[in-house]
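> Pasting a structure here, questions to come.
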Amino acid sequence: MSFRVRIFLLVILVALSAIGATAWLTLNLTQREVSGALEAQSRHRAEIVQAVQRYGLRHGNWPGVNKLVTELSDRTHLHIQLQTKEGQVLVDSDTEAQRPVGAVQAVGYAIDPMPSLYDEEPSAFPAPAAYLAGAPTPRDLYGPTPVDALYGSPAALAVRQAAQYRTGLVLVRCLNKTLGAPAALGSDRAPYVTAQQRAASPACLQQATAKVLGDKAWFQSYWDYLENCTGSPRRLVGDPLGSKCIEGAYADTVVTSAAVPLQLYLGSRGTVDIADFGRPAIVGVAGLVIVAILGTFLIARQVSRPVRRLTGASQMLAAGMLDVRVRVKGESELARLAASFNTMAGALEQSEERQRRLIADVAHEMRTPLSNLRGYLEALSDGVVDPSPELFASLHEETLLQGRILDDLQVLALAEAGDLGYTKTPADLTELAATGVTAQQARAAEAGVTLTLEPSPPVWVEADQDRLRQVLGNLLSNAIRYTDKDGQVVVRVHEERGEAILTVRDTGVGIAAGDLPHVFERFWRADKARQRATGGTGLGLTIAQRIVTDHQGSIEVTSQPHLGTTFTVRLPTSVPDRRS
């Protein structure tokens, strides 16, 4: 059984145990919670409705009701939520307590904060003029008609009570603003304010009375409602329909001052105490913890040994011991991890070796021209060699070789770091090949080599033209360099299966089969003396391979000793450039 399967089975065992225990605990606690919540709702529902309704009646609005809801929730241990009739949540006790919001029952309870009609305290003012002096009467609204009988009737008392409620709200809000007193009515019944509240600020009392009594349009709406309801205010006298119309006019008038109705929803707070679990639940939790501990111990035992070996090997590798390897045993995932570590360590060792070889190659390549320069300069200084144009030309060639080596190293470093910039445009590879062949004709003629380009139709690629010329120049320079006098170098461009193919074939000395894998390595030479004599840096093919790769292409080489070598560059084709 593999390590993965063992861990999988162990995790399944722990998961099933956890799911079973969790399900049992959830069902047990949910049943208790539901029963407790229903009992608490039945016991406290009337209390909560009355408290919230009384708050809305006394304040005429709902700001600050969140404090009352929090206090009720803490006292009753219920989840309390107030919503508007449109379903917008106004206050939620779980949100106020910064708890996750739990569920509430689907059935809501109405909260109507409107004051009741004809609900006056015994100490209420006996006549409208005592508290509402100047209030519009039916005579003011309808003129001197038999409707005067309504004055002092239930209809007049109802409008007086509505005006008292509105005046009281204006008064307590003025007291709150000027004196910092609570902005709540002192009583649930008319006249709604206490004697202390009326006497607290004569200015606020006068301001409230003037504001309400001066609003004749508000009173007019009351009498208009009555007239529309009964057909004529005269019908209110001794008419059995009058009481319903008065109640409707009162509700329509007082609603402009009262707080908006709400819906109350109750639910469980969802908090669970450890004591709620009981002994069986605690035993089940303890068993689950034991299973988890045993499973963790087994996993740790299976993983710790190979992990410790990998940790030690990693520390040794970081300390510079690149030859460190981890013993691989079995075919499990950890064994494959150890094998991957060994592969990584081998790659790092090879990379370090390549870096050392690169430094050694650079030092070797630079040492030869520098030694030549130093020798000639010392000979000139000692008078051993006479200065001549040929000598200065030789010294100049040595400096140019050093410059080419440095330039090629810089290009190669940028290319390998991904920082070598490319400006890709549609280009005709056939035309680029013709330009490159023309540029190398003089060198080929000097070496006695025939350089030709086979005729071919345009082949379009998306490429950086300067970089492709650099690739072709490196290939042609190598071909001419390694081809003897009277030899041939042939360049051909054609398209095959959606690929643009450029070949450079020569009839030179060729490359041995064992040397072909090293052709694109830095500073590699098949004939070191010949290449140095002709000024090569040993980096041209490496740079060419990098440029072709960055163009999503490939470069290959085939060769036969003493017969010649062929380099093949493959690039993706593109749409021809139609620009004028």
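Identifiers in the structure tokens: chain A, B, ... in order shown; residue index from 1 per chain; ligand index from 1 in order shown.
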Which residues are close to Glu521 of chain A, i.e. within 8 Å by only C-alpha atoms, leaving aside same-chain residues fewer than 6 positions away? Reply as number ranges by chain.
A: 539, 541-542
> Those selected residues, please, written with C-alpha atoms and delivered as an mmCIF file, in the first residue's frame.

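As a result, selection29.cif now contains:
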```cif
data_model
loop_
_atom_site.group_PDB
_atom_site.id
_atom_site.type_symbol
_atom_site.label_atom_id
_atom_site.label_comp_id
_atom_site.auth_asym_id
_atom_site.auth_seq_id
_atom_site.Cartn_x
_atom_site.Cartn_y
_atom_site.Cartn_z
ATOM 1 C CA LEU A 539 30.097 32.424 -28.996
ATOM 2 C CA LEU A 541 26.486 29.722 -32.519
ATOM 3 C CA THR A 542 25.417 30.002 -28.870
#
```
> Run DSSP on the backbone of this structure and report the residues of segment 168-221 of chain A it assigns to helix (DSSP H, G or I), as a VMD selection string.
chain A and resid 168 to 179 195 to 200 202 to 213 216 to 221
> Can I get the selection written as a JSON list (two decimals), in the first residue's frame, with C-alpha atoms?

```json
[["chain", "number", "residue", "atom", "x", "y", "z"],
["A", 168, "GLY", "CA", -45.97, 66.54, 22.77],
["A", 169, "LEU", "CA", -43.45, 65.11, 20.28],
["A", 170, "VAL", "CA", -42.43, 68.59, 19.15],
["A", 171, "LEU", "CA", -42.08, 69.66, 22.81],
["A", 172, "VAL", "CA", -39.85, 66.77, 23.96],
["A", 173, "ARG", "CA", -37.60, 67.10, 20.90],
["A", 174, "CYS", "CA", -37.18, 70.81, 21.66],
["A", 175, "LEU", "CA", -36.35, 69.95, 25.28],
["A", 176, "ASN", "CA", -33.80, 67.40, 24.09],
["A", 177, "LYS", "CA", -32.17, 69.91, 21.78],
["A", 178, "THR", "CA", -32.07, 72.81, 24.26],
["A", 179, "LEU", "CA", -31.79, 71.11, 27.66],
["A", 195, "ALA", "CA", -46.42, 68.56, 34.10],
["A", 196, "GLN", "CA", -42.63, 68.65, 34.60],
["A", 197, "GLN", "CA", -42.06, 68.45, 30.84],
["A", 198, "ARG", "CA", -44.58, 71.26, 30.19],
["A", 199, "ALA", "CA", -42.97, 73.44, 32.86],
["A", 200, "ALA", "CA", -39.36, 72.70, 31.86],
["A", 202, "PRO", "CA", -42.11, 77.73, 28.43],
["A", 203, "ALA", "CA", -40.37, 78.69, 25.20],
["A", 204, "CYS", "CA", -40.42, 75.11, 23.91],
["A", 205, "LEU", "CA", -44.06, 74.73, 24.99],
["A", 206, "GLN", "CA", -45.02, 77.91, 23.18],
["A", 207, "GLN", "CA", -43.04, 76.90, 20.11],
["A", 208, "ALA", "CA", -44.64, 73.44, 20.01],
["A", 209, "THR", "CA", -48.17, 74.78, 20.54],
["A", 210, "ALA", "CA", -47.74, 77.47, 17.91],
["A", 211, "LYS", "CA", -46.33, 75.03, 15.37],
["A", 212, "VAL", "CA", -49.21, 72.57, 15.70],
["A", 213, "LEU", "CA", -52.07, 75.06, 16.09],
["A", 216, "LYS", "CA", -54.46, 74.64, 9.65],
["A", 217, "ALA", "CA", -53.86, 72.40, 6.64],
["A", 218, "TRP", "CA", -53.22, 69.51, 9.02],
["A", 219, "PHE", "CA", -56.54, 70.11, 10.82],
["A", 220, "GLN", "CA", -58.27, 70.60, 7.48],
["A", 221, "SER", "CA", -57.13, 67.13, 6.36]]
```
> Using only C-alpha atoms, which protein or nucleic acid residues come within 12 Å of Pro458 of chain A? Drop anything in the same chain fewer than 5 positions from it, and give the result as a PyMOL selection string.
chain A and resi 426-434+492-495+500-501+573-577
> Between A:Asn228, A:Leu266, A:Arg99, A:Ile111, which is the closest to Leu72 of chain A once you count only C-alpha atoms?
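Of A:Asn228, A:Leu266, A:Arg99, A:Ile111, the one nearest Leu72 of chain A, counting only C-alpha atoms, is A:Leu266.
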> Using only C-alpha atoms for the distances, tell me which of A:Gly346, A:Val328, A:Leu370, A:Glu556 is nearest to His518 of chain A.
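With only C-alpha atoms as the atom set, the closest residue is A:Glu556.
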> What does the structure give for the distance between atom CA of Gly375 of chain A and atom CA of Ala447 of chain A, in Å to one decimal?
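Between these atoms lies a distance of 28.6 Å.
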> Neighbours of Ala313 of chain A within 7 Å (only C-alpha atoms; same-chain residues fewer than 4 positions away dropped), as a PyMOL selection string?
chain A and resi 309+317+324-326
> Residues within 12 Å of Asn61 of chain A, please, as a PyMOL selection string. Count only C-alpha atoms; anything in the same chain fewer than 5 positions from it doesn't count.
chain A and resi 52-56+90+112-114+169+173+183-185+255-262
> Between A:Thr167, A:Pro457, A:Gly514, A:Gly436, single out the one closest to Leu476 of chain A, counting only C-alpha atoms.
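Smallest separation from Leu476 of chain A among the options: A:Gly436.
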